[in-house]
Amino acid sequence: MGKQKTAISAGAPVNDAKKWSCIDWNYARRQVRRLQMRIAKAVKEDKWNKVKALQYLLTRSFYAKLLAVKRVTTNKGKNTPGVDGVLWKGAGAKRRAVCSLHRRGYKPKPLRRIYIPKKNGKKRPLSIPVMLDRAMQALYKLALAPVAETTADVNSYGYRESRSCADAIQASFNALSKPNSAPWVFEADIEGCYNNISKEWMLNNIPMDKVVLRKWLDAGYVENGITYPTRKGVPQGGIISPTLANMTLDGLEEAVRRAVPRRHRVNFIRYADDLIITGKSKWLLETKVKPAVKAFLAERGLTLSEEKTVITHIKKGFTFLGQTFRKHGKVLHIKPSTEGVLALMRKVGMLIKKHVGAPMPVLIKKLNEILRGWANYHRHVVSSEAFSRIDKYVFERLKSMVRKRHRNKSGKWLYRKYWTAAGRKHTFAVIAKVKKGVKKVYQVVQLCSIGIKRHIKIKAAANPYDPEYSSYFWRRRNKKGSKLRPALSERKCCAQFA
């Protein structure tokens with residue numbers, strides 16, 4: 001791939017910087033949202049020619065181009081270049097980038113291929129586009145998102161606006177928690193979903209500019225300096241890839257319900273390419289649901305993973321989205337999976353070991369990022385036991401570390417220095433100088449202090465691009481007037497989840 005080029009940056013004229021900093025982003029979002037709502041309305045009314053015309057307007061809108069460039073220059077990948085080594089830094093580079101987003105003459109460059117490890121020891125390919133291609137994908141995603149949201153399965157929760165893993169977990173709880181709920185669970189896993197989607201199916205069925213879509217699908221990738229063609233699938237790493245994959249799988253819920261006799265009700269929950277289907281009997285899932293899923297996927301060039309696709313009884317338990325679901329008698333328990341807890345403990349142990357000689361504030365900041373993120377994900381289920389276990393492990397690891405740092409100090413000295421600095425007992429903290437005359441307390445977050453809070457599932461039919469649900473989404477964002485409950489005690493949360 002050659003050496004990385006110098007980033008487009010910095011030495012932009014002062015007037016360019018002023019122009020970029022003076023952009024009214026709220027007004028830009030309102031203008032784009034107005035067009036997106038018109039697209040969603042046209043989809044709802046089945047006026048596809050109007051959808052195409054509105055998408056044309058949106059992809060050529062100056063405000064949409066501004067938002068597309070803003071997205072790719074502020075997200076986590078802003079410092080990761082593609083094959084050309086170019087980054088957009090500075091107001092002048094961003095202004096020029098906005099002016100470069102044109103359909104005519106556009107030709108995407110090959111993607112930079114890297115590999116990231118998976119839990120099972122294998123590696124997942126990740127393809128990184130250049131900045132221009134990322135911005136073009138972000139621009140066309142603005143026009144495709146209203147279509148995707150309006151036509152999506154009602155119980156699809158992955159990579160959709162205002163939906164999350166917590167909604168999928170709560171939907172699973174609703175399907176499995178009742179005394180007469182279906183006890184059998186079909187756990188489906190799609191083999192290499194992103195890498196195997198049929199290119200021809202997408203070109204025939206995804207309602208967007210076919211010329212641009214074909215260029216993205218045919219871009220190829222670079223690995224070890226060699227350019228390879230792409231014959232199928234969408235690249236993992238592209239901004240628009242999750243939307244394309246979601247639209248490929250939309251319709252699966254309806255296909256499953258059509259395959260099952262009317263008197264046999266099933267529940268369908270999907271998060272990206274992970275899905276579960278509940279049924280009254282193993283025979284129903286094996287003879288009706290599984291063939292319907294296979295036939296639906298085959299049309300799109302996909303297959304089920306025989307290794308990971310299983311049918312399980314709820315009393316035996318199963319793991320979905322990092323949570324373990326198991327019924328004891330008539331009581332459903334949802335807890336963080338043992339594998340997830342052990343993985344977090346290993347990650348924390350490695351972090352402390354790696355930063356054994358680093359300044360304490362640096363270690364505490366990195367540790368808090370990991371612990372707080374994990375706890376916020378799992379705080380909606382019965383997780384107090386897991387939180388206590390992790391807090392105890394972190395305490396022991398930090399205790400071992402400070403003993404190695406201060407081999408000649410007594411236990412009382414260590415306790416006074418590290419566990420009383422925050423003014424609370426048993427809370428690891430240090431006091432460090434921020435600047436001259438100013439000190440700051442850095443303390444390790446305790447998961448038990450984060451607490452348990454029940455998540456209120458989003459309405460299945462809610463569409464963020466439908467004016468009918470505008471006030472509903474406003475209430476959810478601001479937690480007002482929507483019967484959102486405050487943080488619950490462990491006993492109350494157990495009563496609701498157990």
# chains A, B, ... in the order shown; residues from 1 in each chain; ligands from 1
>>> select_by_dssp(residues="region 376-457 of chain A", states="strand (DSSP E or B)", output="list of chain:residue names")
A:Ala429, A:Val430, A:Ile431, A:Ala432, A:Lys433, A:Val434, A:Lys435, A:Val438, A:Lys439, A:Lys440, A:Val441, A:Tyr442, A:Gln443, A:Ile452
>>> write_last_selection(atoms="all heavy atoms", output="mmCIF file, in the first residue's frame")
data_model
loop_
_atom_site.group_PDB
_atom_site.id
_atom_site.type_symbol
_atom_site.label_atom_id
_atom_site.label_comp_id
_atom_site.auth_asym_id
_atom_site.auth_seq_id
_atom_site.Cartn_x
_atom_site.Cartn_y
_atom_site.Cartn_z
ATOM 1 N N ALA A 429 -8.810 5.274 45.138
ATOM 2 C CA ALA A 429 -8.712 6.622 44.561
ATOM 3 C C ALA A 429 -7.325 7.188 44.811
ATOM 4 O O ALA A 429 -6.600 6.747 45.718
ATOM 5 C CB ALA A 429 -9.775 7.540 45.159
ATOM 6 N N VAL A 430 -6.956 8.155 44.002
ATOM 7 C CA VAL A 430 -5.705 8.898 44.198
ATOM 8 C C VAL A 430 -5.992 10.378 43.990
ATOM 9 O O VAL A 430 -6.936 10.753 43.300
ATOM 10 C CB VAL A 430 -4.597 8.436 43.212
ATOM 11 C CG1 VAL A 430 -4.199 7.002 43.467
ATOM 12 C CG2 VAL A 430 -5.032 8.634 41.766
ATOM 13 N N ILE A 431 -5.136 11.209 44.592
ATOM 14 C CA ILE A 431 -5.232 12.658 44.410
ATOM 15 C C ILE A 431 -4.033 13.093 43.577
ATOM 16 O O ILE A 431 -2.883 12.791 43.911
ATOM 17 C CB ILE A 431 -5.238 13.398 45.759
ATOM 18 C CG1 ILE A 431 -6.444 12.950 46.597
ATOM 19 C CG2 ILE A 431 -5.276 14.905 45.547
ATOM 20 C CD1 ILE A 431 -6.474 13.538 47.994
ATOM 21 N N ALA A 432 -4.300 13.772 42.463
ATOM 22 C CA ALA A 432 -3.228 14.189 41.570
ATOM 23 C C ALA A 432 -3.388 15.664 41.224
ATOM 24 O O ALA A 432 -4.502 16.190 41.192
ATOM 25 C CB ALA A 432 -3.234 13.346 40.298
ATOM 26 N N LYS A 433 -2.277 16.313 40.926
ATOM 27 C CA LYS A 433 -2.295 17.722 40.534
ATOM 28 C C LYS A 433 -2.723 17.845 39.076
ATOM 29 O O LYS A 433 -2.163 17.199 38.194
ATOM 30 C CB LYS A 433 -0.913 18.341 40.718
ATOM 31 C CG LYS A 433 -0.531 18.575 42.167
ATOM 32 C CD LYS A 433 0.817 19.292 42.247
ATOM 33 C CE LYS A 433 1.205 19.556 43.701
ATOM 34 N NZ LYS A 433 2.527 20.243 43.794
ATOM 35 N N VAL A 434 -3.725 18.654 38.828
ATOM 36 C CA VAL A 434 -4.162 18.937 37.463
ATOM 37 C C VAL A 434 -3.337 20.083 36.897
ATOM 38 O O VAL A 434 -2.852 20.026 35.765
ATOM 39 C CB VAL A 434 -5.659 19.277 37.435
ATOM 40 C CG1 VAL A 434 -6.109 19.581 36.008
ATOM 41 C CG2 VAL A 434 -6.472 18.150 38.032
ATOM 42 N N LYS A 435 -3.194 21.144 37.668
ATOM 43 C CA LYS A 435 -2.320 22.267 37.335
ATOM 44 C C LYS A 435 -1.871 22.901 38.650
ATOM 45 O O LYS A 435 -2.232 22.422 39.730
ATOM 46 C CB LYS A 435 -3.041 23.275 36.439
ATOM 47 C CG LYS A 435 -4.389 23.747 36.946
ATOM 48 C CD LYS A 435 -5.068 24.638 35.906
ATOM 49 C CE LYS A 435 -6.443 25.068 36.415
ATOM 50 N NZ LYS A 435 -7.138 25.921 35.421
ATOM 51 N N VAL A 438 -4.053 23.254 41.881
ATOM 52 C CA VAL A 438 -5.351 22.587 41.712
ATOM 53 C C VAL A 438 -5.139 21.076 41.750
ATOM 54 O O VAL A 438 -4.304 20.540 41.008
ATOM 55 C CB VAL A 438 -6.024 22.980 40.375
ATOM 56 C CG1 VAL A 438 -7.354 22.264 40.224
ATOM 57 C CG2 VAL A 438 -6.210 24.482 40.303
ATOM 58 N N LYS A 439 -5.873 20.416 42.601
ATOM 59 C CA LYS A 439 -5.786 18.967 42.719
ATOM 60 C C LYS A 439 -7.128 18.330 42.373
ATOM 61 O O LYS A 439 -8.172 18.961 42.528
ATOM 62 C CB LYS A 439 -5.372 18.559 44.137
ATOM 63 C CG LYS A 439 -3.956 18.971 44.500
ATOM 64 C CD LYS A 439 -3.574 18.463 45.871
ATOM 65 C CE LYS A 439 -2.136 18.830 46.215
ATOM 66 N NZ LYS A 439 -1.760 18.321 47.555
ATOM 67 N N LYS A 440 -7.072 17.096 41.914
ATOM 68 C CA LYS A 440 -8.282 16.378 41.507
ATOM 69 C C LYS A 440 -8.237 14.952 42.039
ATOM 70 O O LYS A 440 -7.171 14.333 42.061
ATOM 71 C CB LYS A 440 -8.414 16.380 39.987
ATOM 72 C CG LYS A 440 -9.684 15.744 39.470
ATOM 73 C CD LYS A 440 -9.756 15.824 37.948
ATOM 74 C CE LYS A 440 -11.014 15.144 37.421
ATOM 75 N NZ LYS A 440 -11.094 15.208 35.936
ATOM 76 N N VAL A 441 -9.397 14.461 42.454
ATOM 77 C CA VAL A 441 -9.497 13.085 42.947
ATOM 78 C C VAL A 441 -9.913 12.170 41.805
ATOM 79 O O VAL A 441 -10.934 12.404 41.153
ATOM 80 C CB VAL A 441 -10.516 12.986 44.103
ATOM 81 C CG1 VAL A 441 -10.660 11.533 44.553
ATOM 82 C CG2 VAL A 441 -10.090 13.861 45.271
ATOM 83 N N TYR A 442 -9.119 11.144 41.547
ATOM 84 C CA TYR A 442 -9.455 10.114 40.556
ATOM 85 C C TYR A 442 -9.811 8.840 41.311
ATOM 86 O O TYR A 442 -8.999 8.332 42.089
ATOM 87 C CB TYR A 442 -8.265 9.842 39.631
ATOM 88 C CG TYR A 442 -7.864 11.006 38.762
ATOM 89 C CD1 TYR A 442 -6.968 11.966 39.224
ATOM 90 C CD2 TYR A 442 -8.387 11.145 37.484
ATOM 91 C CE1 TYR A 442 -6.597 13.039 38.423
ATOM 92 C CE2 TYR A 442 -8.020 12.222 36.672
ATOM 93 C CZ TYR A 442 -7.122 13.159 37.154
ATOM 94 O OH TYR A 442 -6.767 14.215 36.365
ATOM 95 N N GLN A 443 -11.028 8.331 41.110
ATOM 96 C CA GLN A 443 -11.439 7.123 41.814
ATOM 97 C C GLN A 443 -11.985 6.082 40.849
ATOM 98 O O GLN A 443 -12.574 6.414 39.820
ATOM 99 C CB GLN A 443 -12.475 7.443 42.883
ATOM 100 C CG GLN A 443 -13.801 7.961 42.359
ATOM 101 C CD GLN A 443 -14.749 8.316 43.493
ATOM 102 O OE1 GLN A 443 -14.414 9.117 44.363
ATOM 103 N NE2 GLN A 443 -15.918 7.708 43.485
ATOM 104 N N ILE A 452 -29.160 -0.929 39.329
ATOM 105 C CA ILE A 452 -29.986 -1.645 38.364
ATOM 106 C C ILE A 452 -31.115 -0.729 37.919
ATOM 107 O O ILE A 452 -31.763 -0.077 38.733
ATOM 108 C CB ILE A 452 -30.582 -2.931 38.988
ATOM 109 C CG1 ILE A 452 -29.475 -3.774 39.623
ATOM 110 C CG2 ILE A 452 -31.346 -3.729 37.951
ATOM 111 C CD1 ILE A 452 -28.411 -4.254 38.667
#
>>> closest_atom_pairs(of="region 163-216 of chain A", to="region 263-280 of chain A", cutoff="9 Å", atoms="only C-alpha atoms", output="tab-separated table")
residue	atom	partner	partner_atom	distance
A:Ser164	CA	A:Tyr271	CA	8.5
A:Cys165	CA	A:Tyr271	CA	7.2
A:Ala168	CA	A:Ile269	CA	6.6
A:Ile169	CA	A:Ile269	CA	8.8
A:Ala171	CA	A:Ile269	CA	7.0
A:Ser172	CA	A:Ile269	CA	6.8
A:Ala175	CA	A:Asn267	CA	6.4
A:Leu176	CA	A:Thr278	CA	7.9
A:Ser181	CA	A:Lys280	CA	7.9
A:Ala182	CA	A:Lys280	CA	4.5
A:Pro183	CA	A:Lys280	CA	6.0
A:Trp184	CA	A:Gly279	CA	5.3
A:Val185	CA	A:Thr278	CA	4.5
A:Phe186	CA	A:Ile277	CA	5.0
A:Glu187	CA	A:Ile276	CA	4.7
A:Ala188	CA	A:Leu275	CA	5.6
A:Asp189	CA	A:Asp274	CA	5.7
A:Ile190	CA	A:Asp273	CA	6.2
A:Cys193	CA	A:Asp273	CA	6.8
A:Tyr194	CA	A:Asp273	CA	8.9
>>> residues_around(residues="region 20-31 of chain A", least_positions_apart="2", cutoff="12 Å", atoms="only C-alpha atoms", output="number ranges by chain")
A: 12-18, 33-38, 57-58, 61-71, 90-98, 142, 465
>>> closest_residue(among="A:Val402, A:Val72, A:Ile311, A:Val154", to="Ala358 (chain A)", atoms="only C-alpha atoms")
A:Val402
>>> closest_residue(among="A:Asn79, A:Ser337, A:Asn246, A:Ser198", to="Asn155 (chain A)", atoms="only C-alpha atoms")
A:Asn246
>>> closest_residue(among="A:Lys436, A:Lys366, A:Arg134, A:Arg346", to="Ile239 (chain A)", atoms="only C-alpha atoms")
A:Arg134
>>> residues_around(residues="Leu101 (chain A)", least_positions_apart="6", cutoff="8 Å", atoms="only C-alpha atoms", output="list in words")
Lys65, Leu132, Ala135 and Met136 of chain A
>>> write_last_selection(atoms="N, CA, C and O atoms", output="PDB file, in the first residue's frame")
ATOM      1  N   LYS A  65     -24.581  16.969   2.612  1.00  0.00           N
ATOM      2  CA  LYS A  65     -23.142  16.786   2.423  1.00  0.00           C
ATOM      3  C   LYS A  65     -22.367  17.286   3.639  1.00  0.00           C
ATOM      4  O   LYS A  65     -21.369  16.668   4.057  1.00  0.00           O
ATOM      5  N   LEU A 132     -13.151   9.743   1.351  1.00  0.00           N
ATOM      6  CA  LEU A 132     -14.154  10.170   0.376  1.00  0.00           C
ATOM      7  C   LEU A 132     -15.267   9.139   0.251  1.00  0.00           C
ATOM      8  O   LEU A 132     -16.459   9.493   0.206  1.00  0.00           O
ATOM      9  N   ALA A 135     -17.548   9.265   3.277  1.00  0.00           N
ATOM     10  CA  ALA A 135     -18.468  10.404   3.224  1.00  0.00           C
ATOM     11  C   ALA A 135     -19.590  10.160   2.217  1.00  0.00           C
ATOM     12  O   ALA A 135     -20.754  10.503   2.481  1.00  0.00           O
ATOM     13  N   MET A 136     -19.275   9.554   1.082  1.00  0.00           N
ATOM     14  CA  MET A 136     -20.318   9.234   0.100  1.00  0.00           C
ATOM     15  C   MET A 136     -21.302   8.223   0.664  1.00  0.00           C
ATOM     16  O   MET A 136     -22.518   8.332   0.459  1.00  0.00           O
TER      17      MET A 136
END
>>> closest_atom_pairs(of="region 230-261 of chain A", to="region 103-121 of chain A", cutoff="10 Å", atoms="only C-alpha atoms", output="CSV")
residue,atom,partner,partner_atom,distance
A:Thr230,CA,A:Pro110,CA,9.7
A:Pro235,CA,A:Leu111,CA,8.4
A:Gln236,CA,A:Arg113,CA,9.6
A:Gly237,CA,A:Leu111,CA,9.3
A:Gly238,CA,A:Leu111,CA,9.3
>>> select_by_dssp(residues="region 103-351 of chain A", states="alpha helix (DSSP H)", output="ChimeraX atom specification")
/A:131-151,165-176,193-196,199-205,210-217,241-249,252-259,282-284,290-299,338-351
>>> residues_around(residues="Leu398 (chain A)", least_positions_apart="6", cutoff="12 Å", atoms="only C-alpha atoms", output="list of chain:residue names")
A:Val348, A:Gly349, A:Met350, A:Leu351, A:Ile352, A:Lys353, A:His355, A:Val356, A:Met360, A:Leu363, A:Ile364, A:Leu367, A:Asp391, A:Lys392, A:Lys404, A:Arg405, A:Leu414, A:Tyr415, A:Tyr418, A:Trp419, A:His426, A:Thr427, A:Phe428, A:Ala429, A:Gln443, A:Val444
>>> write_last_selection(atoms="C-alpha atoms", output="tab-separated table (two decimals), in the first residue's frame")
chain	number	residue	atom	x	y	z
A	348	VAL	CA	-9.21	-5.80	33.51
A	349	GLY	CA	-6.36	-8.02	34.72
A	350	MET	CA	-4.38	-7.45	31.51
A	351	LEU	CA	-5.00	-3.67	31.70
A	352	ILE	CA	-3.71	-3.43	35.29
A	353	LYS	CA	-0.72	-5.60	34.43
A	355	HIS	CA	-0.15	-0.19	33.37
A	356	VAL	CA	1.64	-1.41	36.48
A	360	MET	CA	-2.38	6.19	38.56
A	363	LEU	CA	-4.81	3.64	34.79
A	364	ILE	CA	-7.98	4.76	36.59
A	367	LEU	CA	-10.22	1.16	33.92
A	391	ASP	CA	-15.85	-5.28	42.11
A	392	LYS	CA	-14.19	-7.83	44.38
A	404	LYS	CA	4.22	-4.42	44.38
A	405	ARG	CA	4.62	-0.67	43.90
A	414	LEU	CA	-1.56	1.61	51.66
A	415	TYR	CA	-5.15	1.77	52.93
A	418	TYR	CA	-5.39	4.61	48.23
A	419	TRP	CA	-8.69	3.73	49.91
A	426	HIS	CA	-13.25	0.76	50.25
A	427	THR	CA	-13.09	3.08	47.21
A	428	PHE	CA	-9.76	3.05	45.39
A	429	ALA	CA	-8.71	6.62	44.56
A	443	GLN	CA	-11.44	7.12	41.81
A	444	VAL	CA	-12.24	3.71	40.38
